[in-house]
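Read the structure below first, then the notes.
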Amino acid sequence: MNPFSYQRAATSDAALHAITARGAKFLGGGTNLVDLMKYGVETPTTLIDVTHITSTEITSAPNGVTTIGAGVRNSDLANHQIIRTNYPLLSHALLSGASAQLRNMATTGGNLLQRTRCYYFSDTAFSQCNKRTPGSGCAAMRGFNRIHAILGASESCIATNPSDMSVALAALNATIHVQGPKGKRAIPIVDFHRLPGTTPNIDTNLKPDELITAVELPAPRFAKNSFYVKVRDRQSYAFALVSVAAGLELDGNTIKSAGLALGGVAHKPWRSAEAEKALIGSPATPETFRKASELAVAGAQPHAHNAFKIELAKQSIVRALTLAAQGVQA
Ligand SMILES: Cc1cc2nc3c(=O)[nH]c(=O)nc-3n(C[C@H](O)[C@H](O)[C@H](O)COP(=O)(O)OP(=O)(O)OC[C@H]3O[C@@H](n4cnc5c(N)ncnc54)[C@H](O)[C@@H]3O)c2cc1C
Ligand code: SF4
């Protein structure tokens, strides 16, 4: 590991000042960043620990809007009464991710920014990786790309986003609050993560000198009818091959509103506006769910080893919507 210095800024202003130093990075729970430093993928010169200056509170306003501090640990978020009652989809997604020990360390801010699990990215023995070294090529394109993207990929990169939490946040229409040298701004979750295009080295629309301060969830709509399906190679901790966050608001058997997002299939949580549109106003039936599943993966482009993901995604969508409609709690 490269030598680095460690700082605990006393305030967010001090952290925003410290981050302007060359090679400085914020540190959350360290469960992704420190691993990547050990592999030599990330080489920060200074780590600015932000866990004690970002809020660890979860609060709900009278209008139902819930605010989650960026410093809230994944376990605390998953097990909080407000989240379990009003946003069980988020709780379910978080508890399907990593291990209990990792969830006890991982923070909300850090989870949003965790980097891809493409094995060619984390193994510096492979020289070709446009995300790690822009312009070097993509070893996964003609390599073993079983876990890679089927939607929204580019010639430069076919990596997927690994966060389970972000998939649920996409279905729930969350907003990310950030603070930078020019002040505060709010970024809808659908605009937070990026597709790779020609710059896969840039994962999100957060600027390097901006701090995530909170995540905001709109008033709950899917508390009674939501489900998270995660398909992975083994039941113990493993990243998703495909995951689906599904939320429905029902009026009898008619769908009043819907949130549908996929994980493990694209460089960002894949929210399908077309599938949601097809669900709204339709009866909650297997036919409706099958139609939505076709629309959600329209335009999917497989690579040599991951064509199975298209059918897997469709079946997982039907399953998630069916269980959501039945009000099954995980
Ligand atoms: C074995 C293993 C299995 C895992 N399985 C899963 C899984 O199944 N599903 C899943 O979703 N995740 C999984 N994870 C990943 C884990 O969830 C992430 O490592 C974790 O959420 C990252 O959070 P952190 O606080 O530790 O981030 P860190 O590692 O501290 O930081 C990650 C990034 O976020 C930045 N950062 C942190 N906080 C802020 C902030 N407030 N503002 C701006 N930037 C910030 C850091 O600079 C860094 O770039 C797994 C990890 C491991 C090691
Ligand atoms: S898919 Fe992306 S992260 Fe993986 S090797 Fe290619 S460029 Fe790198």
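Here, A, B, ... name the chains of the structure tokens in the order displayed, residue numbers run from 1 inside each chain, and ligands are numbered from 1 in the same displayed order.
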Report task. Please provide as a ChimeraX atom specification all residues within 12 Å of Lys38 of chain A, with the sequence filter that same-chain residues fewer than 6 positions apart are discarded (counting only C-alpha atoms). Result -> /A:1-4,30-32,44,122-124
**Report entry** Exercise answer, 9 Å around ligand 2 with only C-alpha atoms and all ligand atoms, as a PyMOL selection string
**Finding:** chain A and resi 116-122+126-134+136-141+143+145+148-149+153+155-160+196+200-201+267
For segment 167-235 of chain A versus segment 66-82 of chain A, which residues have an atom no more than 7 Å away, and what is each residue's nearest atom pair and distance in Å rounded to one decimal, using only C-alpha atoms, chain-then-number order, as CSV?
```
residue,atom,partner,partner_atom,distance
A:Ile212,CA,A:Ala70,CA,6.2
A:Thr213,CA,A:Ala70,CA,5.0
A:Ala214,CA,A:Gly69,CA,4.4
A:Val215,CA,A:Ile68,CA,5.1
A:Glu216,CA,A:Thr67,CA,4.5
A:Leu217,CA,A:Thr66,CA,5.1
A:Pro218,CA,A:Thr66,CA,6.6
```
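Minimum distance to ligand 1 across A:Gly40, A:Pro208, A:Gly109, A:Gly64 (counting only C-alpha atoms and all ligand atoms) occurs at A:Gly109.
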Determine, for each residue of chain A having at least one atom at most 6 Å from an atom of ligand 1, the closest pair of atoms and their separation in Å to one decimal, counting only C-alpha atoms and all ligand atoms; order by chain and ascending number, as JSON lines.
```
{"residue": "A:Lys25", "atom": "CA", "partner": "ligand 1", "partner_atom_place_in_ligand_line": "47 (O)", "distance": 4.8}
{"residue": "A:Phe26", "atom": "CA", "partner": "ligand 1", "partner_atom_place_in_ligand_line": "47 (O)", "distance": 3.9}
{"residue": "A:Leu27", "atom": "CA", "partner": "ligand 1", "partner_atom_place_in_ligand_line": "30 (O)", "distance": 4.3}
{"residue": "A:Gly28", "atom": "CA", "partner": "ligand 1", "partner_atom_place_in_ligand_line": "30 (O)", "distance": 3.2}
{"residue": "A:Gly29", "atom": "CA", "partner": "ligand 1", "partner_atom_place_in_ligand_line": "26 (O)", "distance": 3.4}
{"residue": "A:Gly30", "atom": "CA", "partner": "ligand 1", "partner_atom_place_in_ligand_line": "30 (O)", "distance": 3.2}
{"residue": "A:Thr31", "atom": "CA", "partner": "ligand 1", "partner_atom_place_in_ligand_line": "26 (O)", "distance": 3.7}
{"residue": "A:Asn32", "atom": "CA", "partner": "ligand 1", "partner_atom_place_in_ligand_line": "29 (O)", "distance": 3.5}
{"residue": "A:Leu33", "atom": "CA", "partner": "ligand 1", "partner_atom_place_in_ligand_line": "29 (O)", "distance": 3.7}
{"residue": "A:Ala70", "atom": "CA", "partner": "ligand 1", "partner_atom_place_in_ligand_line": "41 (N)", "distance": 5.3}
{"residue": "A:Gly97", "atom": "CA", "partner": "ligand 1", "partner_atom_place_in_ligand_line": "8 (O)", "distance": 3.5}
{"residue": "A:Ala98", "atom": "CA", "partner": "ligand 1", "partner_atom_place_in_ligand_line": "5 (N)", "distance": 3.2}
{"residue": "A:Met105", "atom": "CA", "partner": "ligand 1", "partner_atom_place_in_ligand_line": "26 (O)", "distance": 6.0}
{"residue": "A:Ala106", "atom": "CA", "partner": "ligand 1", "partner_atom_place_in_ligand_line": "25 (O)", "distance": 3.7}
{"residue": "A:Thr107", "atom": "CA", "partner": "ligand 1", "partner_atom_place_in_ligand_line": "25 (O)", "distance": 3.6}
{"residue": "A:Gly109", "atom": "CA", "partner": "ligand 1", "partner_atom_place_in_ligand_line": "41 (N)", "distance": 4.3}
{"residue": "A:Gly110", "atom": "CA", "partner": "ligand 1", "partner_atom_place_in_ligand_line": "27 (O)", "distance": 3.3}
{"residue": "A:Asn111", "atom": "CA", "partner": "ligand 1", "partner_atom_place_in_ligand_line": "21 (O)", "distance": 3.3}
{"residue": "A:Leu113", "atom": "CA", "partner": "ligand 1", "partner_atom_place_in_ligand_line": "34 (O)", "distance": 4.4}
{"residue": "A:Gln114", "atom": "CA", "partner": "ligand 1", "partner_atom_place_in_ligand_line": "32 (C)", "distance": 4.7}
{"residue": "A:Pro162", "atom": "CA", "partner": "ligand 1", "partner_atom_place_in_ligand_line": "11 (O)", "distance": 5.6}
{"residue": "A:Ser163", "atom": "CA", "partner": "ligand 1", "partner_atom_place_in_ligand_line": "11 (O)", "distance": 3.4}
{"residue": "A:Asp164", "atom": "CA", "partner": "ligand 1", "partner_atom_place_in_ligand_line": "11 (O)", "distance": 4.0}
{"residue": "A:Met165", "atom": "CA", "partner": "ligand 1", "partner_atom_place_in_ligand_line": "11 (O)", "distance": 5.7}
{"residue": "A:Leu211", "atom": "CA", "partner": "ligand 1", "partner_atom_place_in_ligand_line": "42 (N)", "distance": 3.8}
{"residue": "A:Ile212", "atom": "CA", "partner": "ligand 1", "partner_atom_place_in_ligand_line": "42 (N)", "distance": 3.8}
{"residue": "A:Thr213", "atom": "CA", "partner": "ligand 1", "partner_atom_place_in_ligand_line": "41 (N)", "distance": 5.8}
{"residue": "A:Tyr237", "atom": "CA", "partner": "ligand 1", "partner_atom_place_in_ligand_line": "8 (O)", "distance": 5.7}
{"residue": "A:Ala238", "atom": "CA", "partner": "ligand 1", "partner_atom_place_in_ligand_line": "8 (O)", "distance": 4.7}
{"residue": "A:Phe239", "atom": "CA", "partner": "ligand 1", "partner_atom_place_in_ligand_line": "8 (O)", "distance": 3.9}
```
Report task. From the DSSP assignment of the backbone, select every residue of segment 146-290 of chain A that is strand (DSSP E), and format the answer as an MDAnalysis selection string. Result -> chainID A and resid 175:180 183:188 211:217 226:231 242:251 254:263 270:271
Restricting it to C-alpha atoms, dump the selection as a compact mmCIF listing (two decimals), in the first residue's frame.
```txt
# COMPACT_ATOMS: atom_id res chain seq x y z
CA THR A 175 -32.47 12.49 -3.82
CA ILE A 176 -28.81 12.83 -2.85
CA HIS A 177 -27.82 15.99 -0.96
CA VAL A 178 -24.25 17.20 -1.35
CA GLN A 179 -22.12 20.11 -0.21
CA GLY A 180 -19.17 21.60 -2.08
CA GLY A 183 -22.59 25.50 -1.73
CA LYS A 184 -25.23 22.79 -1.45
CA ARG A 185 -27.10 20.99 -4.23
CA ALA A 186 -29.50 18.08 -4.60
CA ILE A 187 -29.06 15.34 -7.23
CA PRO A 188 -31.92 12.93 -8.09
CA LEU A 211 -19.24 15.78 0.21
CA ILE A 212 -22.42 13.67 0.34
CA THR A 213 -24.36 14.93 3.36
CA ALA A 214 -27.70 13.11 3.20
CA VAL A 215 -30.16 11.00 1.23
CA GLU A 216 -33.80 12.08 1.09
CA LEU A 217 -36.70 9.70 0.50
CA SER A 226 -42.54 -3.96 -2.32
CA PHE A 227 -39.93 -6.66 -2.78
CA TYR A 228 -36.19 -6.96 -3.49
CA VAL A 229 -35.02 -9.98 -5.48
CA LYS A 230 -31.28 -10.61 -5.53
CA VAL A 231 -29.88 -13.44 -7.64
CA VAL A 242 -29.11 -9.49 -11.26
CA SER A 243 -31.26 -7.73 -8.69
CA VAL A 244 -34.69 -6.09 -8.85
CA ALA A 245 -36.25 -3.50 -6.56
CA ALA A 246 -40.01 -3.39 -7.12
CA GLY A 247 -42.55 -1.16 -5.42
CA LEU A 248 -46.26 -0.93 -6.19
CA GLU A 249 -49.03 1.30 -4.94
CA LEU A 250 -52.30 -0.56 -5.41
CA ASP A 251 -55.92 0.52 -5.56
CA THR A 254 -55.09 -1.71 -10.13
CA ILE A 255 -51.56 -0.30 -10.04
CA LYS A 256 -51.68 3.42 -9.07
CA SER A 257 -47.93 3.99 -9.10
CA ALA A 258 -44.79 1.89 -9.47
CA GLY A 259 -41.04 2.01 -8.92
CA LEU A 260 -38.85 -0.53 -10.72
CA ALA A 261 -35.05 -0.63 -10.80
CA LEU A 262 -32.49 -3.31 -11.71
CA GLY A 263 -29.04 -3.97 -10.30
CA TRP A 270 -31.23 0.77 -14.10
CA ARG A 271 -34.58 2.45 -13.61
```
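The shortest atom-to-atom distance to Ala240 of chain A, with only C-alpha atoms taken into account, belongs to A:Ser316 out of A:Ser316, A:Ser91, A:Thr199, A:Ser60.
Of note, atom CA of Thr56 of chain A and atom CA of Ser96 of chain A are spaced 21.4 Å apart.
Using only C-alpha atoms for every distance, the candidate list A:Glu274, A:Ile150, A:Ser166, A:Gln329 yields A:Ile150 as the residue closest to Pro302 of chain A.
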Report summary line: Between atom CA of Ala320 of chain A and atom CA of Glu287 of chain A lies a distance of 14.0 Å
**Report entry** Computed interatomic separation between atom CA of Leu151 of chain A and atom CA of Ala300 of chain A (Å)
**Finding:** 5.0 Å
Report task. From a DSSP calculation on the backbone, collect every residue of segment 59-190 of chain A in helix (DSSP H, G or I) and output the set as a ChimeraX atom specification. Result -> /A:74-79,81-86,88-95,100-105,108-112,119-122,164-171,189-190
Query - Residues within 12 Å of Val318 of chain A, only C-alpha atoms, excluding chain neighbours under 4 positions, as an MDAnalysis selection string - result: chainID A and resid 227:229 243:246 260 275 279 284:296 311:314 322:325
Report task. Might you pull out every residue within 9 Å of Ala24 of chain A, with only C-alpha atoms counted and same-chain residues fewer than 4 positions away left off, and present them as JSON, numbers by chain? Result -> {"A": [18, 19, 20, 44, 45, 46, 47, 48]}
